[in-house]
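J.: Have a peek at coords.cif (mmCIF, C-alpha atoms).
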data_my_file
loop_
_atom_site.label_atom_id
_atom_site.label_comp_id
_atom_site.auth_asym_id
_atom_site.auth_seq_id
_atom_site.Cartn_x
_atom_site.Cartn_y
_atom_site.Cartn_z
CA MET A 996 -7.75 23.25 53.75
CA VAL A 997 -10.88 25.04 52.62
CA HIS A 998 -13.02 22.31 54.10
CA GLY A 999 -11.24 22.70 57.51
CA LYS A 1000 -11.85 26.45 57.63
CA LYS A 1001 -15.48 26.02 56.77
CA PHE A 1002 -15.95 23.37 59.43
CA ALA A 1003 -14.35 25.60 62.13
CA LYS A 1004 -16.59 28.53 61.30
CA GLU A 1005 -19.78 26.46 61.31
CA THR A 1006 -19.16 24.49 64.51
CA LEU A 1007 -16.74 26.24 66.86
CA LEU A 1008 -17.40 29.98 66.55
CA PRO A 1009 -21.24 30.05 66.71
CA SER A 1010 -21.39 27.99 69.90
CA VAL A 1011 -18.81 30.17 71.66
CA LEU A 1012 -20.58 33.39 70.70
CA GLU A 1013 -23.99 32.11 71.89
CA ASP A 1014 -22.59 31.09 75.31
CA ARG A 1015 -20.95 34.48 75.74
CA ASP A 1016 -24.25 36.29 75.02
CA ALA A 1017 -26.17 34.04 77.41
CA GLU A 1018 -23.56 34.62 80.13
CA ALA A 1019 -23.78 38.40 79.75
CA GLU A 1020 -27.58 38.34 80.09
CA ASN A 1021 -27.41 36.13 83.25
CA GLU A 1022 -24.91 38.44 84.90
CA LYS A 1023 -27.12 41.41 84.18
CA LEU A 1024 -30.14 39.68 85.78
CA GLU A 1025 -28.16 38.61 88.84
CA LEU A 1026 -26.93 42.10 89.45
CA GLU A 1027 -30.48 43.37 89.38
CA GLU A 1028 -31.62 40.70 91.90
CA VAL A 1029 -28.62 41.35 94.16
CA GLY A 1030 -29.53 44.94 94.39
CA ALA A 1031 -33.05 44.00 95.59
CA GLN A 1032 -32.11 41.24 98.12
CA PRO A 1033 -30.17 41.33 101.52
CA SER A 1034 -26.41 40.63 101.44
CA SER A 1035 -26.66 37.48 103.60
CA ARG A 1036 -28.51 35.61 100.90
CA LEU A 1037 -26.37 36.64 98.00
CA ARG A 1038 -23.18 34.60 98.52
CA LYS A 1039 -24.39 31.07 98.02
CA PRO A 1040 -26.57 31.65 94.94
CA PHE A 1041 -23.75 33.71 93.43
CA ILE A 1042 -21.35 30.81 93.80
CA LYS A 1043 -23.77 28.39 92.16
CA GLU A 1044 -24.43 30.74 89.34
CA SER A 1045 -20.70 31.24 88.76
CA GLU A 1046 -20.22 27.46 88.58
CA ASN A 1047 -23.07 27.19 86.13
CA ASN A 1048 -21.60 30.00 84.05
CA GLN A 1049 -18.23 28.28 83.96
CA GLN A 1050 -19.90 25.12 82.69
CA ARG A 1051 -21.87 27.09 80.13
CA ALA A 1052 -18.79 29.07 79.05
CA SER A 1053 -16.85 25.87 78.20
CA PRO A 1054 -17.17 25.21 74.43
CA PRO A 1055 -18.75 22.03 73.18
CA GLU A 1056 -16.40 19.17 72.60
CA VAL A 1057 -15.36 19.31 68.93
CA ASP A 1058 -12.05 17.53 69.03
CA VAL A 1059 -10.51 15.41 71.75
CA ARG A 1060 -6.95 15.80 70.40
CA GLY A 1061 -4.42 17.92 72.26
CA LEU A 1062 -2.66 21.10 71.27
CA LYS A 1063 0.14 19.21 69.58
CA ASP A 1064 -2.29 17.94 66.99
CA GLN A 1065 -3.67 21.41 66.28
CA CYS A 1066 -2.33 24.57 64.73
CA SER A 1067 -3.69 27.91 63.73
CA SER A 1068 -4.28 28.98 60.15
CA PRO A 1069 -3.09 32.36 58.87
CA ASP A 1070 -6.51 33.89 59.61
CA GLY A 1071 -6.45 32.71 63.23
CA ASN A 1072 -8.61 29.57 62.91
CA MET A 1073 -7.49 26.32 64.47
CA LEU A 1074 -6.45 23.53 62.03
CA ASP A 1075 -5.81 19.92 62.91
CA ARG A 1076 -2.97 17.72 61.72
CA GLY A 1077 -5.05 16.02 58.97
CA GLU A 1078 -5.90 19.38 57.47
CA ARG A 1079 -2.25 20.43 57.65
CA GLU A 1080 -1.13 17.24 55.97
CA GLY A 1081 -3.75 17.70 53.23
CA GLU A 1082 -2.48 21.21 52.60
CA GLU A 1083 1.10 19.97 52.41
CA GLU A 1084 0.11 17.25 49.94
CA GLU A 1085 -1.64 19.81 47.76
CA GLU A 1086 1.46 22.00 47.80
CA GLU A 1087 3.66 19.04 46.87
CA GLU A 1088 1.36 18.15 43.98
CA GLU A 1089 1.47 21.73 42.73
CA GLU A 1090 5.27 21.68 42.87
CA LYS A 1091 5.39 18.39 40.93
CA GLU A 1092 3.06 19.76 38.27
CA SER A 1093 5.19 22.87 37.85
CA GLU A 1094 8.34 20.73 37.54
CA GLU A 1095 6.68 18.52 34.91
CA GLU A 1096 5.64 21.58 32.91
CA GLU A 1097 9.22 22.86 32.99
CA LEU A 1098 10.51 19.49 31.76
CA ARG A 1099 8.00 19.47 28.93
CA GLY A 1100 9.11 22.91 27.86
CA GLU A 1101 12.73 21.73 27.79
CA GLU A 1102 11.81 18.70 25.69
CA CYS A 1103 10.09 20.94 23.16
CA VAL A 1104 13.22 23.04 22.84
CA ILE A 1105 15.40 19.99 22.08
CA SER A 1106 15.82 19.58 18.30
CA ASP A 1107 15.74 16.35 16.29
CA GLU A 1108 19.50 16.57 15.85
CA ASP A 1109 20.02 15.69 19.54
CA TYR A 1110 18.47 12.26 19.04
CA ASP A 1111 20.64 9.37 17.95
CA THR A 1112 18.63 6.43 16.65
CA ASP A 1113 19.32 3.45 14.42
CA LEU A 1114 17.05 4.92 11.77
CA GLU A 1115 19.54 7.69 11.09
CA LEU A 1116 22.30 5.24 10.28
CA GLY A 1117 20.76 4.30 6.91
CA ASP A 1118 21.40 6.14 3.67
CA LYS A 1119 19.04 8.95 2.85
CA GLU A 1120 16.91 8.56 -0.26
CA GLU A 1121 18.13 10.69 -3.12
CA SER A 1122 15.56 12.90 -4.79
CA TYR A 1123 14.61 12.08 -8.38
CA ASP A 1124 16.12 14.37 -11.00
CA PRO A 1125 13.64 14.79 -13.91
CA THR A 1126 16.18 16.72 -15.99
CA GLY A 1127 18.47 13.71 -16.43
CA GLN A 1128 21.56 15.66 -15.38
CA THR A 1129 22.27 13.34 -12.46
CA SER A 1130 22.07 10.25 -14.68
CA TYR A 1131 24.37 11.84 -17.24
CA VAL A 1132 27.00 12.73 -14.64
CA GLU A 1133 26.85 9.23 -13.12
CA ALA A 1134 27.26 7.66 -16.58
CA CYS A 1135 30.30 9.84 -17.25
CA GLU A 1136 31.83 8.81 -13.93
CA MET A 1137 31.25 5.14 -14.75
CA LEU A 1138 32.89 5.51 -18.18
CA GLN A 1139 35.62 7.75 -16.72
CA VAL A 1140 34.98 10.58 -19.16
CA VAL A 1141 34.61 14.32 -18.56
CA PRO A 1142 30.96 15.53 -18.71
CA ALA A 1143 30.19 18.07 -21.40
CA SER A 1144 29.22 21.27 -19.60
CA TYR A 1145 27.43 22.62 -22.65
CA PHE A 1146 25.25 19.51 -22.78
CA LEU A 1147 24.41 19.81 -19.08
CA ARG A 1148 23.24 23.38 -19.57
CA HIS A 1149 21.17 22.78 -22.70
CA MET A 1150 20.02 19.15 -22.41
CA GLN A 1151 16.41 20.29 -21.89
CA ASN A 1152 16.34 22.38 -25.08
CA SER A 1153 14.33 21.23 -28.08
CA GLU A 1154 17.41 21.76 -30.27
CA LEU A 1155 20.95 20.86 -29.29
CA VAL A 1156 24.12 21.78 -31.16
CA MET A 1157 27.13 19.74 -30.02
CA MET A 1158 29.74 20.60 -32.63
CA HIS A 1159 33.38 20.60 -31.53
CA ARG A 1160 32.54 19.43 -28.02
CA GLY A 1161 34.81 16.39 -27.89
CA LEU A 1162 32.10 13.89 -26.88
CA GLY A 1163 34.36 10.92 -27.51
CA PRO A 1164 34.14 7.96 -29.89
CA GLN A 1165 30.96 6.33 -28.50
CA VAL A 1166 27.44 7.82 -28.41
CA ASP A 1167 24.30 6.02 -27.22
CA LEU A 1168 21.03 7.73 -28.21
CA SER A 1169 18.80 4.68 -27.96
CA ASP A 1170 15.14 4.90 -26.91
CA ASN A 1171 14.85 8.66 -27.29
CA ARG A 1172 12.01 8.89 -29.85
CA LEU A 1173 14.15 11.08 -32.10
CA GLY A 1174 11.93 10.36 -35.07
CA ASP A 1175 12.68 11.20 -38.70
CA TYR A 1176 13.62 14.79 -37.91
CA GLY A 1177 16.17 13.56 -35.40
CA ALA A 1178 17.56 11.19 -38.02
CA GLN A 1179 17.98 14.13 -40.38
CA ALA A 1180 20.02 16.01 -37.77
CA ILE A 1181 22.15 12.95 -37.05
CA ALA A 1182 22.80 12.44 -40.73
CA GLY A 1183 24.12 15.99 -41.00
CA MET A 1184 26.41 15.33 -38.06
CA LEU A 1185 27.76 12.09 -39.58
CA LYS A 1186 28.74 13.91 -42.76
CA GLU A 1187 31.02 16.25 -40.78
CA ASN A 1188 32.13 14.13 -37.83
CA ASN A 1189 35.38 12.24 -38.24
CA THR A 1190 35.90 10.95 -34.68
CA LEU A 1191 32.72 9.00 -33.84
CA VAL A 1192 33.29 5.23 -33.82
CA SER A 1193 30.12 3.75 -32.29
CA LEU A 1194 26.55 5.06 -32.59
CA ASN A 1195 23.47 3.46 -31.05
CA LEU A 1196 20.18 4.70 -32.55
CA SER A 1197 18.01 1.81 -31.41
CA GLY A 1198 14.34 2.44 -30.60
CA ASN A 1199 13.96 5.94 -32.07
CA HIS A 1200 10.89 5.47 -34.29
CA PHE A 1201 12.82 5.83 -37.55
CA THR A 1202 10.84 5.14 -40.73
CA ASP A 1203 11.77 4.89 -44.42
CA ARG A 1204 12.09 8.67 -44.46
CA ALA A 1205 14.91 8.45 -41.92
CA ALA A 1206 16.72 5.98 -44.19
CA ASP A 1207 16.69 8.57 -47.00
CA ASP A 1208 18.75 10.89 -44.79
CA LEU A 1209 21.02 8.32 -43.16
CA SER A 1210 21.99 6.47 -46.33
CA PRO A 1211 24.07 9.30 -47.93
CA ALA A 1212 25.73 9.96 -44.56
CA LEU A 1213 26.87 6.32 -44.33
CA ILE A 1214 28.50 6.60 -47.71
CA THR A 1215 30.33 9.80 -46.77
CA ASN A 1216 31.41 8.80 -43.27
CA THR A 1217 34.33 6.37 -43.21
CA LYS A 1218 35.15 6.48 -39.49
CA LEU A 1219 31.97 5.01 -37.98
CA GLN A 1220 32.55 1.33 -37.22
CA HIS A 1221 29.49 0.21 -35.22
CA LEU A 1222 25.92 1.23 -36.04
CA ASP A 1223 22.76 0.01 -34.28
CA LEU A 1224 19.43 0.77 -36.01
CA SER A 1225 17.44 -2.00 -34.32
CA HIS A 1226 13.92 -1.66 -32.92
CA ASN A 1227 12.77 0.95 -35.42
CA ALA A 1228 10.18 0.97 -38.22
CA LEU A 1229 12.41 0.67 -41.26
CA GLY A 1230 10.49 -1.00 -44.09
CA GLU A 1231 10.97 -2.26 -47.62
CA HIS A 1232 12.02 1.11 -49.01
CA ALA A 1233 14.59 1.51 -46.25
CA GLY A 1234 16.06 -1.88 -47.17
CA GLN A 1235 16.58 -0.76 -50.76
CA ILE A 1236 18.19 2.57 -49.77
CA LEU A 1237 20.42 1.06 -47.10
CA GLY A 1238 21.49 -1.73 -49.45
CA ASP A 1239 23.20 0.77 -51.71
CA SER A 1240 24.90 2.60 -48.82
CA VAL A 1241 26.09 -0.66 -47.23
CA SER A 1242 27.72 -1.84 -50.46
CA GLU A 1243 29.68 1.43 -50.76
CA ASN A 1244 30.50 1.92 -47.07
CA THR A 1245 34.13 1.34 -46.17
CA GLY A 1246 34.08 1.96 -42.42
CA LEU A 1247 31.41 -0.19 -40.75
CA ARG A 1248 32.49 -3.35 -38.94
CA SER A 1249 29.13 -4.25 -37.37
CA LEU A 1250 25.56 -3.40 -38.34
CA SER A 1251 22.31 -4.21 -36.55
CA LEU A 1252 18.96 -3.88 -38.33
CA ALA A 1253 17.12 -6.30 -36.05
CA TRP A 1254 13.47 -5.80 -35.14
CA ASN A 1255 12.46 -3.81 -38.22
CA CYS A 1256 10.09 -4.46 -41.14
CA ILE A 1257 12.53 -5.14 -43.97
CA ARG A 1258 11.05 -7.62 -46.45
CA GLY A 1259 10.43 -8.35 -50.09
CA ARG A 1260 12.41 -6.22 -52.52
CA GLY A 1261 14.03 -4.37 -49.64
CA ALA A 1262 15.39 -7.62 -48.18
CA VAL A 1263 16.81 -8.65 -51.55
CA MET A 1264 18.54 -5.29 -52.10
CA LEU A 1265 19.98 -5.24 -48.61
CA ALA A 1266 21.35 -8.78 -49.02
CA SER A 1267 22.93 -7.78 -52.32
CA GLY A 1268 24.56 -4.82 -50.61
CA LEU A 1269 26.11 -7.14 -48.04
CA GLY A 1270 27.66 -9.13 -50.87
CA GLY A 1271 29.47 -6.05 -52.14
CA ASN A 1272 30.77 -4.94 -48.74
CA ILE A 1273 34.29 -6.00 -47.89
CA PHE A 1274 34.55 -4.56 -44.37
CA LEU A 1275 31.58 -5.78 -42.32
CA ARG A 1276 32.33 -8.52 -39.80
CA SER A 1277 28.97 -8.89 -38.02
CA VAL A 1278 25.41 -8.34 -39.31
CA ASP A 1279 22.19 -8.81 -37.32
CA LEU A 1280 19.05 -9.06 -39.49
CA SER A 1281 16.88 -10.96 -37.00
CA TYR A 1282 13.15 -10.30 -36.61
CA ASN A 1283 12.49 -9.02 -40.12
CA GLY A 1284 10.72 -10.67 -43.06
CA PHE A 1285 13.37 -11.87 -45.48
CA GLY A 1286 11.46 -14.98 -46.42
CA LYS A 1287 12.44 -17.18 -49.33
CA GLU A 1288 13.57 -14.38 -51.68
CA GLY A 1289 15.72 -12.76 -49.00
CA ALA A 1290 17.32 -16.11 -48.12
CA ILE A 1291 18.19 -16.74 -51.75
CA ALA A 1292 19.82 -13.30 -51.96
CA LEU A 1293 21.76 -14.00 -48.77
CA GLY A 1294 23.07 -17.23 -50.26
CA GLN A 1295 24.39 -15.33 -53.26
CA ALA A 1296 25.95 -12.71 -50.94
CA LEU A 1297 27.80 -15.41 -48.99
CA LYS A 1298 29.35 -16.59 -52.25
CA GLU A 1299 30.75 -13.11 -52.92
CA ASN A 1300 31.61 -11.94 -49.41
CA ASN A 1301 34.82 -13.25 -47.94
CA VAL A 1302 34.92 -10.99 -44.85
CA LEU A 1303 31.66 -11.53 -42.95
CA GLU A 1304 32.06 -13.71 -39.84
CA GLU A 1305 28.71 -13.53 -38.02
CA LEU A 1306 25.24 -13.53 -39.56
CA ASN A 1307 21.95 -13.59 -37.63
CA VAL A 1308 18.80 -14.19 -39.71
CA SER A 1309 16.63 -15.77 -37.00
CA ASN A 1310 12.87 -15.12 -37.02
CA ASN A 1311 12.70 -14.18 -40.70
CA ARG A 1312 10.01 -16.56 -42.01
CA ILE A 1313 12.54 -18.46 -44.06
CA PRO A 1314 11.06 -21.76 -45.43
CA PRO A 1315 13.03 -24.97 -46.08
CA GLU A 1316 13.58 -24.01 -49.75
CA GLY A 1317 15.11 -20.69 -48.72
CA ALA A 1318 17.44 -22.41 -46.23
CA ILE A 1319 18.67 -24.85 -48.90
CA ARG A 1320 19.37 -21.99 -51.31
CA LEU A 1321 21.21 -20.09 -48.57
CA ALA A 1322 23.24 -23.23 -47.91
CA MET A 1323 24.59 -23.08 -51.45
CA GLY A 1324 26.55 -19.98 -50.48
CA LEU A 1325 28.03 -21.81 -47.48
CA LYS A 1326 29.59 -24.39 -49.80
CA VAL A 1327 32.12 -21.83 -51.00
CA ASN A 1328 32.29 -19.31 -48.13
CA LYS A 1329 35.52 -19.37 -46.16
CA THR A 1330 34.97 -16.75 -43.45
CA ILE A 1331 31.57 -17.21 -41.85
CA LYS A 1332 31.98 -18.58 -38.31
CA CYS A 1333 28.58 -18.18 -36.70
CA LEU A 1334 25.20 -18.57 -38.39
CA ASN A 1335 21.91 -18.15 -36.52
CA MET A 1336 18.89 -19.60 -38.32
CA GLY A 1337 16.79 -20.19 -35.20
CA ARG A 1338 13.00 -19.84 -35.08
CA ASN A 1339 12.56 -20.12 -38.82
CA PRO A 1340 10.20 -22.73 -40.34
CA ILE A 1341 13.04 -24.47 -42.18
CA GLN A 1342 12.23 -27.84 -40.57
CA THR A 1343 14.67 -30.76 -40.56
CA ALA A 1344 15.22 -30.51 -44.32
CA GLY A 1345 16.58 -26.97 -44.06
CA CYS A 1346 18.85 -27.84 -41.12
CA TYR A 1347 20.13 -30.92 -42.93
CA GLY A 1348 20.88 -28.93 -46.11
CA ILE A 1349 22.91 -26.31 -44.24
CA LEU A 1350 24.91 -28.91 -42.32
CA LYS A 1351 25.52 -30.88 -45.53
CA SER A 1352 26.93 -27.79 -47.29
CA ILE A 1353 29.44 -27.34 -44.45
CA GLN A 1354 30.49 -30.97 -44.82
CA GLU A 1355 31.14 -30.38 -48.53
CA ASN A 1356 33.25 -27.26 -47.91
CA PRO A 1357 36.70 -28.26 -46.64
CA ASP A 1358 37.65 -24.60 -46.23
CA SER A 1359 34.66 -23.74 -44.08
CA ALA A 1360 35.34 -21.66 -40.93
CA MET A 1361 32.00 -22.49 -39.33
CA GLU A 1362 32.17 -22.86 -35.54
CA ALA A 1363 28.55 -22.48 -34.39
CA LEU A 1364 25.19 -23.26 -35.95
CA ASN A 1365 22.03 -22.16 -34.17
CA PHE A 1366 18.79 -23.95 -35.04
CA SER A 1367 16.98 -23.10 -31.80
CA ASP A 1368 13.32 -24.16 -31.57
CA ILE A 1369 13.67 -26.31 -34.70
CA THR A 1370 13.30 -30.06 -34.21
CA VAL A 1371 15.55 -32.43 -36.15
CA ASN A 1372 15.43 -36.16 -36.86
CA GLN A 1373 17.86 -39.00 -36.51
CA ASP A 1374 19.27 -38.47 -39.99
CA PHE A 1375 20.43 -35.01 -38.95
CA GLU A 1376 22.01 -36.43 -35.80
CA ASP A 1377 23.93 -39.00 -37.83
CA LEU A 1378 25.15 -36.34 -40.24
CA TYR A 1379 26.25 -34.14 -37.36
CA THR A 1380 28.30 -36.99 -35.95
CA THR A 1381 30.08 -37.35 -39.28
CA VAL A 1382 30.70 -33.61 -39.70
CA LYS A 1383 31.99 -33.43 -36.14
CA GLU A 1384 34.85 -35.69 -37.14
CA ILE A 1385 35.85 -33.25 -39.86
CA PHE A 1386 35.29 -30.07 -37.81
CA PRO A 1387 35.78 -30.93 -34.13
CA ALA A 1388 35.19 -27.32 -33.01
CA LEU A 1389 31.73 -27.15 -34.59
CA THR A 1390 28.78 -26.85 -32.20
CA VAL A 1391 25.13 -27.18 -33.20
CA ASN A 1392 22.16 -26.01 -31.18
CA HIS A 1393 18.67 -27.22 -32.13
CA GLY A 1394 15.23 -27.66 -30.64
CA GLY A 1395 15.43 -31.39 -30.03
CA ARG A 1396 15.20 -34.66 -31.92
CA ILE A 1397 12.05 -36.32 -33.14
CA GLY A 1398 11.72 -40.05 -33.65
CA THR A 1399 10.61 -41.83 -36.83
CA PHE A 1400 7.07 -43.13 -36.95
CA ARG A 1401 6.51 -46.83 -37.48
CA LYS A 1402 3.40 -48.65 -38.50
CA VAL A 1403 1.70 -50.48 -35.69
CA LYS A 1404 1.37 -54.19 -36.30
CA ALA A 1405 -2.16 -55.50 -36.20
#
Would you kindly transcribe this structure into structure tokens?
T.:
Amino acid sequence: MVHGKKFAKETLLPSVLEDRDAEAENEKLELEEVGAQPSSRLRKPFIKESENNQQRASPPEVDVRGLKDQCSSPDGNMLDRGEREGEEEEEEEEEKESEEEELRGEECVISDEDYDTDLELGDKEESYDPTGQTSYVEACEMLQVVPASYFLRHMQNSELVMMHRGLGPQVDLSDNRLGDYGAQAIAGMLKENNTLVSLNLSGNHFTDRAADDLSPALITNTKLQHLDLSHNALGEHAGQILGDSVSENTGLRSLSLAWNCIRGRGAVMLASGLGGNIFLRSVDLSYNGFGKEGAIALGQALKENNVLEELNVSNNRIPPEGAIRLAMGLKVNKTIKCLNMGRNPIQTAGCYGILKSIQENPDSAMEALNFSDITVNQDFEDLYTTVKEIFPALTVNHGGRIGTFRKVKA
């Protein structure tokens, strides 16, 4: 549109104005000449000059199109159809741009809630709760017990008093790094509590000092039936202290001291305490260091104890001599059903001695022998076949059979 106006001003208007000025000057000159010449000579030249002026007055040919193809602009200039169409196209483009801007504004106003995608169908990730309250509530729901509101409010405190809160008969405090001071607090609780049945204190960094506090509590408490002290650092002194408490305890049915450091004199005292206990049914002493002396003491305990049913002494560095001495207690024991001697260096001799003692005890209740990772020979296999006829329910697990070596003929 701008280009059309500019073109009209540069081409059409100047030529028309120049012709009009030239025509006015010619008329002025002719009038002066007419006044000086006779009237008989004026007619013909005047006609010729008028024809010439008409030719000069006609504007130069700018456009050969008719009036239908032309129109006037608002300022009075003539515009052709192409210019008009260009102007219309520009107006249409401006309208489209304005419509697009309005649509964009509407899209910005639309919130994310208006969109429905497959991504929203999945479950939202729950935020992690560092306080542990969420885990506690979920555990209570799984066990179908009522959460303790006092515990929820004070579970982040350095000290926690839970007296008369009705926690229920089972408490699991494993892997909490309670340490010896925590053991002291628990010991005080056990002296007063008469409802707790099961207590898991595994992996709490208890040392011999913790045993000094827990031992008197185990003598006083007669309601606790299951105690787990595995994966701690209880040593030789702890074995001696706990041996006395175990012999006098009248409530425990199962005890786990696995993965500790009980050895030497402590192992002997603890084994002696087991001999004097008449209530324990299951004892786990695996992954300690009972050795030969501890195995001998266990053999003597099995002679005296007529209640124990399960005994696990795997991974205790027991040699063949210790296994044979332990087997002497199996000759007279009438209650032991499961014995785990796996991963001890007792060799075939130790396995054979234990199996032989069972054969010689007609009142034996043995149902399962575990000699895992210990290889046996053909003599053991033959003995097992014989014992199997006497005790059909007996199962034996071992690390495989080795063949006998023969001299190679030259």
J.: Looking at A:Ile1319, A:Leu1303, A:Val1371, A:Leu1364, which one is nearest to A:Gln1342, with distances taken over only C-alpha atoms?
T.: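 Residue with the minimum atom-to-atom distance to A:Gln1342: A:Val1371.
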J.: Expand the PyMOL selection byres ((chain A and resi 1333) around 7) into the explicit residue set it covers here, and present it as a list of chain:residue names.
T.: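 Applied to this file, the PyMOL selection byres ((chain A and resi 1333) around 7) selects A:Glu1304, A:Glu1305, A:Leu1306, A:Ile1331, A:Lys1332, A:Leu1334, A:Asn1335, A:Met1361, A:Glu1362, A:Ala1363, A:Leu1364.
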J.: I would like the residues chosen by the PyMOL selection byres ((chain A and resi 1196) around 6) on the shown file; could you give them as a PyMOL selection string?
T.: chain A and resi 1168-1169+1195+1197+1223-1224
J.: On this file, the PyMOL selection byres ((chain A and resi 1140) around 12) gives some set of residues; write that set as a VMD selection string.
T.: chain A and resid 1131 to 1139 1141 to 1143 1161 to 1165
J.: Draw an axis-aligned box tight on the listed atoms of stretch 1376-1392 of chain A, then pad every side by 5 Å and write out centre and edge lengths in Å to one decimal as AutoDock Vina command-line options.
T.:
--center_x 28.9 --center_y -32.5 --center_z -35.7 --size_x 23.8 --size_y 23.0 --size_z 19.1
